[in-house]
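Just coords-v4.cif here, mmCIF, C-alpha atoms and all ligand atoms:
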data_coords
#
loop_
_atom_site.label_atom_id
_atom_site.label_comp_id
_atom_site.auth_asym_id
_atom_site.auth_seq_id
_atom_site.Cartn_x
_atom_site.Cartn_y
_atom_site.Cartn_z
CA MET A 1 33.16 -5.96 9.69
CA ALA A 2 29.77 -4.84 8.43
CA HIS A 3 26.96 -5.20 10.94
CA GLN A 4 25.03 -8.41 10.57
CA TRP A 5 21.60 -8.98 12.13
CA ARG A 6 22.24 -11.47 14.95
CA GLY A 7 18.88 -13.22 15.18
CA VAL A 8 16.02 -12.38 17.53
CA LEU A 9 17.49 -13.85 20.74
CA ARG A 10 20.61 -11.73 20.58
CA GLU A 11 18.88 -8.63 19.21
CA TYR A 12 16.22 -8.79 21.96
CA SER A 13 18.15 -10.57 24.71
CA ASP A 14 16.89 -8.07 27.30
CA ARG A 15 13.26 -8.77 26.40
CA LEU A 16 13.35 -12.58 26.48
CA ASP A 17 13.88 -15.15 29.21
CA ILE A 18 17.42 -16.16 28.26
CA SER A 19 20.68 -16.03 30.20
CA ASP A 20 24.41 -16.53 29.69
CA LYS A 21 23.73 -20.23 30.05
CA THR A 22 21.28 -20.36 27.16
CA PRO A 23 22.92 -21.75 24.00
CA ILE A 24 21.81 -19.46 21.16
CA ILE A 25 20.61 -21.66 18.32
CA THR A 26 20.05 -19.20 15.49
CA LEU A 27 19.89 -19.13 11.72
CA GLY A 28 19.70 -15.33 11.65
CA GLU A 29 15.89 -15.13 11.83
CA GLY A 30 13.97 -11.86 12.23
CA GLY A 31 14.93 -8.39 11.03
CA THR A 32 12.48 -8.87 8.17
CA PRO A 33 11.43 -5.95 5.95
CA LEU A 34 8.37 -3.81 6.72
CA LEU A 35 7.48 -2.62 3.24
CA PRO A 36 5.07 0.13 2.20
CA ALA A 37 2.43 -1.24 -0.18
CA PRO A 38 1.32 1.75 -2.30
CA ALA A 39 -1.12 -0.32 -4.37
CA LEU A 40 -2.96 -1.47 -1.23
CA SER A 41 -2.89 2.05 0.21
CA ALA A 42 -4.50 3.34 -3.00
CA MET A 43 -7.22 0.68 -2.83
CA THR A 44 -8.10 1.29 0.82
CA GLY A 45 -7.22 4.88 1.69
CA ALA A 46 -5.11 3.58 4.58
CA LYS A 47 -1.31 3.67 4.97
CA VAL A 48 -0.53 0.02 4.40
CA PHE A 49 2.71 -1.78 5.30
CA VAL A 50 3.57 -5.44 4.77
CA LYS A 51 5.70 -7.36 7.28
CA TYR A 52 7.39 -9.81 4.94
CA GLU A 53 7.98 -12.91 7.07
CA GLY A 54 8.78 -15.07 4.06
CA MET A 55 12.25 -13.49 4.34
CA ASN A 56 13.08 -15.62 7.40
CA PRO A 57 15.71 -18.38 6.97
CA THR A 58 13.24 -21.21 6.35
CA GLY A 59 10.75 -18.91 4.63
CA SER A 60 8.21 -18.38 7.40
CA PHE A 61 7.61 -16.56 10.70
CA LYS A 62 7.95 -19.86 12.57
CA ASP A 63 11.72 -19.33 12.77
CA ARG A 64 11.27 -16.57 15.38
CA GLY A 65 9.58 -18.98 17.76
CA MET A 66 11.77 -21.92 16.83
CA THR A 67 15.07 -20.21 17.71
CA MET A 68 13.67 -19.62 21.20
CA ALA A 69 12.03 -23.04 21.62
CA VAL A 70 15.06 -24.99 20.39
CA SER A 71 17.55 -22.89 22.37
CA LYS A 72 15.55 -23.47 25.55
CA ALA A 73 15.13 -27.15 24.74
CA VAL A 74 18.89 -27.56 24.33
CA GLU A 75 19.48 -25.57 27.54
CA ASP A 76 17.21 -28.12 29.27
CA GLY A 77 19.29 -30.96 27.85
CA ALA A 78 16.80 -32.14 25.22
CA LYS A 79 18.21 -34.44 22.54
CA ALA A 80 15.00 -34.63 20.53
CA ILE A 81 12.15 -32.28 19.72
CA ILE A 82 8.73 -33.05 18.34
CA CYS A 83 6.00 -31.07 16.61
CA ALA A 84 2.76 -31.44 14.72
CA SER A 85 2.58 -29.27 11.64
CA THR A 86 0.72 -28.10 8.58
CA GLY A 87 4.21 -27.71 7.08
CA ASN A 88 6.01 -24.55 8.14
CA THR A 89 6.59 -25.55 11.76
CA SER A 90 8.05 -28.87 10.61
CA ALA A 91 10.39 -27.13 8.14
CA SER A 92 11.57 -24.75 10.83
CA ALA A 93 11.88 -27.37 13.59
CA ALA A 94 13.93 -29.65 11.33
CA ALA A 95 16.28 -26.81 10.33
CA TYR A 96 16.92 -25.56 13.87
CA ALA A 97 17.35 -29.11 15.18
CA ALA A 98 19.88 -29.79 12.41
CA HIS A 99 21.78 -26.64 13.39
CA ALA A 100 21.73 -27.65 17.06
CA GLY A 101 22.78 -31.24 16.30
CA ILE A 102 19.65 -32.79 17.80
CA THR A 103 16.78 -34.80 16.33
CA ALA A 104 13.45 -33.41 15.15
CA ALA A 105 10.42 -35.66 14.75
CA VAL A 106 7.61 -34.08 12.79
CA LEU A 107 4.02 -35.27 12.46
CA VAL A 108 2.10 -33.98 9.45
CA PRO A 109 -1.33 -34.77 7.98
CA GLU A 110 -0.95 -37.26 5.12
CA GLY A 111 -1.00 -35.60 1.69
CA LYS A 112 -1.99 -32.24 3.16
CA ILE A 113 1.24 -30.27 3.31
CA SER A 114 2.86 -28.50 0.39
CA MET A 115 5.77 -30.01 -1.54
CA GLY A 116 8.11 -27.15 -0.59
CA LYS A 117 7.55 -27.66 3.13
CA LEU A 118 7.75 -31.45 2.90
CA SER A 119 11.07 -31.08 1.02
CA GLN A 120 12.46 -28.81 3.73
CA ALA A 121 11.63 -31.23 6.55
CA VAL A 122 13.31 -34.05 4.60
CA ALA A 123 16.30 -31.92 3.54
CA HIS A 124 17.00 -30.96 7.16
CA ASN A 125 16.89 -34.62 8.16
CA GLY A 126 13.66 -34.45 10.15
CA GLN A 127 12.07 -37.74 11.12
CA LEU A 128 8.96 -37.21 9.07
CA ILE A 129 5.78 -39.12 9.84
CA GLN A 130 2.59 -38.63 7.87
CA LEU A 131 -0.49 -39.35 9.93
CA LYS A 132 -3.72 -40.61 8.45
CA GLY A 133 -5.58 -37.73 10.02
CA ASN A 134 -5.62 -33.94 10.08
CA PHE A 135 -3.43 -31.40 11.88
CA ASP A 136 -5.53 -31.54 15.05
CA ASP A 137 -4.94 -35.31 15.28
CA CYS A 138 -1.21 -34.71 14.80
CA LEU A 139 -1.14 -32.19 17.64
CA ASP A 140 -2.98 -34.59 19.98
CA ILE A 141 -0.39 -37.31 19.32
CA ALA A 142 2.55 -34.90 19.61
CA ARG A 143 1.31 -33.68 23.00
CA ASP A 144 0.86 -37.24 24.25
CA LEU A 145 4.30 -38.25 23.00
CA ALA A 146 5.90 -35.31 24.82
CA LYS A 147 4.02 -36.23 28.00
CA ASN A 148 5.10 -39.86 27.96
CA TYR A 149 8.46 -40.00 26.14
CA PRO A 150 11.74 -38.05 26.26
CA VAL A 151 10.89 -35.60 23.48
CA HIS A 152 10.47 -31.84 23.86
CA LEU A 153 7.32 -30.32 22.31
CA VAL A 154 7.96 -27.25 20.11
CA ASN A 155 4.44 -26.45 18.97
CA SER A 156 3.09 -23.04 20.02
CA VAL A 157 1.45 -24.60 23.10
CA ASN A 158 5.07 -24.24 24.26
CA ASN A 159 5.21 -20.63 25.52
CA ASP A 160 8.81 -20.24 24.27
CA ARG A 161 7.42 -20.20 20.73
CA ILE A 162 5.05 -17.33 21.47
CA GLU A 163 7.86 -15.46 23.26
CA GLY A 164 10.14 -15.69 20.22
CA GLN A 165 7.37 -14.68 17.84
CA LYS A 166 6.44 -11.54 19.80
CA THR A 167 9.68 -9.97 18.53
CA ALA A 168 7.95 -9.27 15.21
CA ALA A 169 5.79 -6.67 16.98
CA PHE A 170 8.96 -5.08 18.43
CA GLU A 171 10.36 -4.74 14.91
CA VAL A 172 7.18 -3.13 13.58
CA VAL A 173 7.21 -0.60 16.42
CA SER A 174 10.88 0.22 15.87
CA VAL A 175 10.23 1.04 12.21
CA LEU A 176 6.93 2.95 12.61
CA GLU A 177 8.01 4.55 15.92
CA ASP A 178 4.57 3.69 17.30
CA ALA A 179 2.09 0.83 17.04
CA PRO A 180 -0.08 0.81 13.89
CA ASP A 181 -3.85 1.42 14.18
CA PHE A 182 -4.65 -2.03 12.79
CA HIS A 183 -2.68 -5.26 12.52
CA PHE A 184 -3.98 -7.96 10.15
CA LEU A 185 -2.78 -11.55 10.15
CA PRO A 186 -3.72 -15.12 9.24
CA VAL A 187 -4.97 -17.39 12.00
CA GLY A 188 -4.50 -21.15 12.34
CA ASN A 189 -3.66 -22.09 15.92
CA ALA A 190 -3.79 -18.36 16.77
CA GLY A 191 -0.28 -18.55 18.22
CA ASN A 192 1.00 -15.68 16.11
CA TYR A 193 -2.08 -13.55 16.84
CA THR A 194 -1.35 -14.13 20.52
CA ALA A 195 2.36 -13.39 20.08
CA TYR A 196 1.88 -10.05 18.29
CA SER A 197 -0.74 -9.02 20.86
CA ARG A 198 1.73 -9.74 23.64
CA GLY A 199 4.55 -7.92 21.86
CA TYR A 200 2.44 -4.79 21.34
CA ALA A 201 1.17 -4.92 24.94
CA GLU A 202 4.78 -5.01 26.18
CA GLU A 203 5.72 -2.05 23.99
CA LEU A 204 2.80 -0.04 25.40
CA ALA A 205 3.79 -0.97 28.96
CA ARG A 206 7.37 0.19 28.22
CA GLY A 207 5.99 3.52 27.10
CA VAL A 208 7.41 3.42 23.58
CA THR A 209 3.98 3.33 21.91
CA THR A 210 0.79 5.31 22.44
CA LYS A 211 -1.80 2.59 21.72
CA LEU A 212 -2.53 -1.05 21.05
CA PRO A 213 -3.30 -1.89 17.44
CA ARG A 214 -6.71 -3.41 16.77
CA MET A 215 -5.80 -7.05 16.08
CA PHE A 216 -7.68 -8.41 13.04
CA GLY A 217 -7.28 -12.16 12.43
CA PHE A 218 -8.58 -14.19 9.49
CA GLN A 219 -9.37 -17.85 8.97
CA ALA A 220 -10.33 -19.66 5.77
CA SER A 221 -14.11 -20.11 5.46
CA GLY A 222 -13.86 -23.92 5.44
CA SER A 223 -11.63 -23.84 8.50
CA ALA A 224 -12.93 -21.06 10.72
CA PRO A 225 -13.54 -22.43 14.23
CA ILE A 226 -12.93 -19.14 16.04
CA VAL A 227 -15.34 -17.28 13.77
CA LEU A 228 -17.97 -20.03 14.10
CA GLY A 229 -17.41 -20.38 17.84
CA HIS A 230 -16.91 -24.15 17.77
CA PRO A 231 -14.25 -26.63 16.59
CA VAL A 232 -14.43 -27.76 12.95
CA LYS A 233 -14.11 -31.54 12.57
CA ASN A 234 -12.97 -31.72 8.95
CA PRO A 235 -11.40 -28.36 8.16
CA ASP A 236 -10.99 -27.70 4.46
CA THR A 237 -9.14 -24.98 2.52
CA LEU A 238 -6.48 -24.78 -0.17
CA ALA A 239 -4.55 -22.59 2.30
CA SER A 240 -3.08 -25.75 3.81
CA ALA A 241 -1.01 -23.87 6.41
CA ILE A 242 -4.17 -22.80 8.24
CA ARG A 243 -6.24 -25.95 7.79
CA ILE A 244 -6.75 -26.22 11.55
CA GLY A 245 -10.07 -27.08 13.22
CA ASN A 246 -9.29 -26.69 16.91
CA PRO A 247 -6.78 -23.88 17.53
CA ALA A 248 -4.32 -24.42 20.39
CA SER A 249 -4.27 -20.75 21.46
CA TRP A 250 -8.02 -20.18 21.09
CA GLU A 251 -8.62 -18.77 24.59
CA LEU A 252 -5.53 -16.54 24.55
CA ALA A 253 -6.61 -15.19 21.18
CA LEU A 254 -10.11 -14.32 22.39
CA THR A 255 -8.61 -12.43 25.31
CA ALA A 256 -6.28 -10.57 22.94
CA ARG A 257 -9.20 -9.71 20.66
CA ASP A 258 -11.20 -8.33 23.58
CA ASN A 259 -8.24 -6.31 24.89
CA THR A 260 -7.57 -4.68 21.52
CA ASN A 261 -11.10 -4.16 20.19
CA GLY A 262 -10.07 -6.78 17.65
CA TYR A 263 -11.89 -8.93 15.15
CA PHE A 264 -11.94 -12.42 13.62
CA GLY A 265 -13.28 -12.95 10.11
CA ALA A 266 -13.48 -15.67 7.48
CA ILE A 267 -12.44 -15.48 3.80
CA ASP A 268 -13.27 -18.01 1.07
CA ASP A 269 -10.57 -19.73 -0.99
CA GLU A 270 -11.19 -17.89 -4.29
CA THR A 271 -10.92 -14.54 -2.50
CA ILE A 272 -7.66 -15.70 -0.89
CA LEU A 273 -6.20 -16.48 -4.33
CA LYS A 274 -7.35 -13.12 -5.72
CA ALA A 275 -5.57 -11.36 -2.86
CA GLN A 276 -2.44 -13.45 -3.46
CA ARG A 277 -2.46 -12.24 -7.08
CA ILE A 278 -2.92 -8.60 -6.07
CA LEU A 279 0.03 -8.81 -3.69
CA SER A 280 2.35 -10.53 -6.15
CA ALA A 281 1.35 -8.56 -9.27
CA GLN A 282 0.83 -5.10 -7.77
CA VAL A 283 3.14 -5.01 -4.74
CA GLY A 284 5.88 -7.43 -5.80
CA ILE A 285 5.61 -9.74 -2.78
CA PHE A 286 4.98 -13.45 -3.38
CA VAL A 287 3.35 -15.29 -0.50
CA GLU A 288 1.71 -18.64 0.09
CA PRO A 289 -2.12 -18.67 0.07
CA ALA A 290 -2.49 -18.69 3.88
CA SER A 291 -0.50 -15.46 4.08
CA ALA A 292 -2.59 -13.75 1.42
CA ILE A 293 -5.58 -13.91 3.75
CA SER A 294 -4.15 -10.83 5.53
CA VAL A 295 -4.53 -8.89 2.27
CA ALA A 296 -7.98 -10.34 1.60
CA GLY A 297 -9.04 -9.45 5.13
CA LEU A 298 -7.92 -5.84 4.72
CA LEU A 299 -9.72 -5.44 1.38
CA GLU A 300 -12.89 -6.96 2.84
CA ARG A 301 -12.86 -4.75 5.96
CA ALA A 302 -12.03 -1.63 3.93
CA GLU A 303 -14.91 -2.43 1.57
CA ALA A 304 -17.16 -2.76 4.63
CA GLY A 305 -16.16 0.76 5.66
CA GLU A 306 -14.39 -0.42 8.81
CA ILE A 307 -10.96 1.12 8.12
CA PRO A 308 -10.94 4.92 8.54
CA ALA A 309 -9.01 6.83 5.85
CA GLY A 310 -5.41 7.49 6.80
CA SER A 311 -5.22 4.63 9.33
CA THR A 312 -1.84 2.95 9.65
CA VAL A 313 -2.25 -0.72 8.82
CA VAL A 314 0.29 -3.54 9.07
CA LEU A 315 -0.32 -6.86 7.34
CA THR A 316 1.81 -9.80 8.36
CA VAL A 317 2.42 -12.13 5.45
CA THR A 318 3.64 -15.25 7.16
CA GLY A 319 5.14 -17.56 4.54
CA HIS A 320 6.99 -17.31 1.21
CA GLY A 321 5.23 -17.97 -2.08
CA LEU A 322 7.86 -20.53 -3.09
CA LYS A 323 6.64 -22.80 -0.29
CA ASP A 324 3.57 -23.68 -2.33
CA PRO A 325 4.02 -22.12 -5.78
CA GLN A 326 1.42 -24.09 -7.75
CA TRP A 327 -1.41 -21.63 -7.03
CA ALA A 328 0.28 -18.84 -8.97
CA LEU A 329 -0.02 -20.97 -12.11
CA ARG A 330 -3.77 -21.41 -11.71
CA LYS A 331 -5.93 -18.89 -13.57
CA GLU A 332 -9.10 -17.44 -12.10
CA ASP A 333 -11.25 -19.79 -14.21
CA GLY A 334 -9.38 -22.77 -12.74
CA SER A 335 -7.30 -23.56 -15.86
CA GLN A 336 -3.50 -23.71 -15.81
CA VAL A 337 -1.23 -20.96 -17.11
CA GLU A 338 0.57 -22.22 -20.22
CA PRO A 339 3.77 -20.25 -20.91
CA THR A 340 3.97 -19.01 -24.51
CA VAL A 341 6.48 -20.96 -26.62
CA VAL A 342 8.05 -19.41 -29.73
CA SER A 343 10.94 -20.18 -32.12
CA VAL A 344 14.39 -18.63 -31.73
CA ASP A 345 13.33 -15.73 -33.93
CA LEU A 346 13.69 -12.04 -33.10
CA GLU A 347 10.66 -10.86 -35.09
CA GLU A 348 8.45 -13.54 -33.62
CA VAL A 349 9.47 -12.77 -30.01
CA ALA A 350 8.98 -9.03 -30.62
CA GLY A 351 5.58 -9.75 -32.16
CA VAL A 352 4.42 -11.83 -29.21
CA LEU A 353 5.59 -9.07 -26.83
CA GLY A 354 3.69 -6.49 -28.88
CA LEU A 355 6.86 -4.48 -29.55
CA VAL A 356 7.00 -2.12 -32.53
CA LYS A 357 10.37 -1.40 -34.19
CA GLY A 358 11.82 2.07 -33.57
CA GLY A 359 9.26 2.89 -30.88
CA LEU A 360 10.29 4.56 -27.64
CA HIS A 361 10.93 2.56 -24.46
C1 LIG A 401 2.15 -19.49 6.53
O1 LIG A 401 3.22 -25.02 10.49
O2 LIG A 401 0.39 -24.25 12.28
O3 LIG A 401 -2.21 -18.95 13.94
O4 LIG A 401 2.06 -26.28 11.79
O5 LIG A 401 2.25 -21.69 8.26
O6 LIG A 401 0.14 -19.06 14.76
O7 LIG A 401 -1.00 -21.09 13.85
C2 LIG A 401 1.33 -23.01 10.53
C3 LIG A 401 0.59 -21.89 10.68
C4 LIG A 401 -0.19 -18.60 9.20
C5 LIG A 401 -1.03 -19.61 11.25
N1 LIG A 401 0.55 -18.57 8.11
O8 LIG A 401 -0.31 -19.23 12.39
C6 LIG A 401 2.25 -25.21 11.22
C7 LIG A 401 1.25 -24.15 11.41
C8 LIG A 401 1.36 -19.59 7.78
C9 LIG A 401 1.43 -20.70 8.62
C10 LIG A 401 -0.17 -19.68 10.06
C11 LIG A 401 0.64 -20.76 9.78
P1 LIG A 401 -0.86 -19.61 13.84
#
Can you dump the structure from the file as structure tokens?
Amino acid sequence: MAHQWRGVLREYSDRLDISDKTPIITLGEGGTPLLPAPALSAMTGAKVFVKYEGMNPTGSFKDRGMTMAVSKAVEDGAKAIICASTGNTSASAAAYAAHAGITAAVLVPEGKISMGKLSQAVAHNGQLIQLKGNFDDCLDIARDLAKNYPVHLVNSVNNDRIEGQKTAAFEVVSVLEDAPDFHFLPVGNAGNYTAYSRGYAEELARGVTTKLPRMFGFQASGSAPIVLGHPVKNPDTLASAIRIGNPASWELALTARDNTNGYFGAIDDETILKAQRILSAQVGIFVEPASAISVAGLLERAEAGEIPAGSTVVLTVTGHGLKDPQWALRKEDGSQVEPTVVSVDLEEVAGVLGLVKGGLH
């Protein structure tokens, strides 16, 4: 039989706290492509690679942490899990719970998660509750529920999530055969920033890499508590995945930044959408707006002269563009793209396409 990727727990069983007694709840997550991005390399003078996490089973990086968190929950005898979410965590939790045959309750901010993610939570039979509040309110309630009721919390305040997610750094190292010079990624709760930092630190300690990458994290301008240095009460950005005002892994992320000579920056919404367009139109990778902030962050730092020519740069793009596709249909001036409609007529179609008869391909 052809080799099939076995999911991150089996592929990295020696690097994670699992045993023969741990039931492996997997949907085949991880093993995602690390793709060269020639267009971004040309723009920045760096060697740019994109870690395409939209290729995970539910379309985001959350699956790496969820396989670990749900497997450990089931090992502990849990019959129900709970999470707060801006959308991707709820989609992933519901899918892994469905696979395990347990219940997932998901708390999301009312009207603030994308249709794709909402559909996933419902499709996987999650108990979906919309709260009249923001993500931070949802996380407060989820934590209190887990403290007082028999439900197992699977947000990234659960260390099993971070442990599962650190495997992405292992994969980058195995492809590049060293750590990159820079690693760029979006920041919401800063769980993934923490997870990659841990993964790279473990690789250095094992002696398979020569350095730690400088960890560069980006928040949306209207939702940038780490950059501002204080919580944001009413976070606002069209990048709904990272509309988070009080990050759960704030302290861990600051430590990781200090250990790696890292950086946190903020990017405004229009610049996020521009970067999303560059990635989809010039690299061929479609991501949700929150993920495009990695690209925007790189372009901004390169413009500022902070990325030496020839540096190896990895951008994690965290979620698939189909999660929240509406933004691709919005033009830069804010109007909607209207697809061209023509009759069933060869000449007319050729005319609209600007094709000239007899011309070369
Ligand atoms: C596409 O689903 O917090 O900094 O509840 O969905 O580890 O929080 C999602 C976060 C980046 C930020 N990109 O990661 C949730 C949730 C995408 C995301 C982040 C999220 P963290």
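Taking atom CA of A:Leu238 and atom CA of A:Asp140 as the two end points, the separation is 22.7 Å.
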(message) Nearest residue to A:Asn189 out of A:Asn246, A:Ser92, A:Thr255, A:Gln127, using all atoms listed in the file?
(response)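 Under the stated criterion, the closest residue is A:Asn246.
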How big is the axis-aligned box around all listed atoms of ligand LIG 401 (chain A) once 3 Å goes on each side, and where's its centre, in Å to one decimal, as JSON?
{"center_x": 0.5, "center_y": -22.4, "center_z": 10.6, "size_x": 11.4, "size_y": 13.7, "size_z": 14.2}
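Comparing the minimum interatomic distances between A:Gly207 and each of A:His124, A:Pro57, A:Val313, A:Ala179, counting all atoms listed in the file, we find that A:Ala179 sits nearest.
The gap separating atom CA of A:Cys83 from atom CA of A:Leu145 is 9.8 Å, in Å to one decimal.
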Hey, which bits of chain A sit within 6 Å of ligand LIG 401 (chain A), and for each residue what's the closest pair of atoms and how far apart in Å (one decimal), counting only C-alpha atoms and all ligand atoms, rows by chain and increasing number, as CSV?
residue,atom,partner,partner_atom,distance
A:Ala84,CA,A:LIG401,O4,6.0
A:Ser85,CA,A:LIG401,O4,3.0
A:Thr86,CA,A:LIG401,O4,3.9
A:Gly87,CA,A:LIG401,O1,4.5
A:Asn88,CA,A:LIG401,O1,3.7
A:Thr89,CA,A:LIG401,O1,3.6
A:Pro186,CA,A:LIG401,C4,5.0
A:Val187,CA,A:LIG401,O3,3.7
A:Gly188,CA,A:LIG401,O3,3.6
A:Asn189,CA,A:LIG401,O7,3.5
A:Ala190,CA,A:LIG401,O3,3.3
A:Gly191,CA,A:LIG401,O6,3.5
A:Asn192,CA,A:LIG401,O6,3.7
A:Ala241,CA,A:LIG401,O5,4.3
A:Ile242,CA,A:LIG401,C10,5.4
A:Ala290,CA,A:LIG401,N1,5.2
A:Ser291,CA,A:LIG401,N1,5.2
A:Thr318,CA,A:LIG401,C1,4.5
A:Gly319,CA,A:LIG401,C1,4.1
(message) At a cut-off of 8 Å, using all atoms listed in the file, what residues contact A:Phe218? Leave out same-chain residues fewer than 2 positions from it and give the result as a ChimeraX atom specification.
(response) /A:184-187,216,220,264-267,293-294,297
(request) Determine the nearest neighbour of A:His152 from the options A:Ile82, A:Val106, A:Ala100, A:Ala205, counting all atoms listed in the file. (result) A:Ile82
(request) May I have the residues within 9 Å of A:Asn134 as a list in words, using only C-alpha atoms and disregarding those fewer than 4 positions away in the same chain? (result)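 Counting only the stated atoms, we get Thr86, Val108, Pro109, Glu110, Lys112, Cys138, Leu139, Asn234, Pro235, Arg243, Ile244 and Gly245 of chain A.
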Can you write out the residues you just picked, keeping C-alpha atoms, as a compact mmCIF listing (two decimals), in the coordinates of the input?
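Okay, selection.txt is ready:
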# COMPACT_ATOMS: atom_id res chain seq x y z
CA THR A 86 0.72 -28.10 8.58
CA VAL A 108 2.10 -33.98 9.45
CA PRO A 109 -1.33 -34.77 7.98
CA GLU A 110 -0.95 -37.26 5.12
CA LYS A 112 -1.99 -32.24 3.16
CA CYS A 138 -1.21 -34.71 14.80
CA LEU A 139 -1.14 -32.19 17.64
CA ASN A 234 -12.97 -31.72 8.95
CA PRO A 235 -11.40 -28.36 8.16
CA ARG A 243 -6.24 -25.95 7.79
CA ILE A 244 -6.75 -26.22 11.55
CA GLY A 245 -10.07 -27.08 13.22
(request) Find the spatial neighbours of A:Thr22, counting only C-alpha atoms, within a cut-off of 12 Å - ignore same-chain residues fewer than 6 positions away - and output them as JSON, numbers by chain. (result) {"A": [9, 10, 13, 16, 67, 68, 69, 70, 71, 72, 73, 74, 75, 76, 77]}
(request) Go through A:Arg257, A:Lys323, A:Arg206, A:His183 and flag the residue nearest A:Ala239, using only C-alpha atoms for the distances. (result) A:Lys323
(request) Could you tell me which of A:Asp137, A:Asp269, A:Asp14, A:Glu171 comes closest to A:Pro33 if we count all atoms listed in the file? (result) A:Glu171
(message) What does the structure give for the distance between atom CA of A:Gly28 and atom CA of A:Arg6, in Å to one decimal?
(response)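 Atom-to-atom, atom CA of A:Gly28 and atom CA of A:Arg6 are spaced 5.7 Å apart.
Between A:Thr58 and the candidates A:Leu35, A:Val352, A:Met115, A:Ala93, the tightest atom-to-atom separation, counting all atoms listed in the file, involves A:Ala93.
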(message) Set the distance at 12 Å and use all atoms listed in the file: which residues neighbour A:Gly284 once local chain neighbours fewer than 4 positions away are removed? I'd like the list as a list in words.
(response) Leu35, Pro36, Ala37, Pro38, Ala39, Leu40, Val50, Tyr52, Gln276, Arg277, Ile278, Leu279, Ser280 and Gly321 of chain A
So that I have them on file, write out the residues from the current selection with C-alpha atoms, as a PDB file, keeping the file's coordinate frame.
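Okay, part_4.pdb is ready:
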ATOM      1  CA  LEU A  35       7.480  -2.620   3.240  1.00  0.00           C
ATOM      2  CA  PRO A  36       5.070   0.130   2.200  1.00  0.00           C
ATOM      3  CA  ALA A  37       2.430  -1.240  -0.180  1.00  0.00           C
ATOM      4  CA  PRO A  38       1.320   1.750  -2.300  1.00  0.00           C
ATOM      5  CA  ALA A  39      -1.120  -0.320  -4.370  1.00  0.00           C
ATOM      6  CA  LEU A  40      -2.960  -1.470  -1.230  1.00  0.00           C
ATOM      7  CA  VAL A  50       3.570  -5.440   4.770  1.00  0.00           C
ATOM      8  CA  TYR A  52       7.390  -9.810   4.940  1.00  0.00           C
ATOM      9  CA  GLN A 276      -2.440 -13.450  -3.460  1.00  0.00           C
ATOM     10  CA  ARG A 277      -2.460 -12.240  -7.080  1.00  0.00           C
ATOM     11  CA  ILE A 278      -2.920  -8.600  -6.070  1.00  0.00           C
ATOM     12  CA  LEU A 279       0.030  -8.810  -3.690  1.00  0.00           C
ATOM     13  CA  SER A 280       2.350 -10.530  -6.150  1.00  0.00           C
ATOM     14  CA  GLY A 321       5.230 -17.970  -2.080  1.00  0.00           C
TER      15      GLY A 321
END
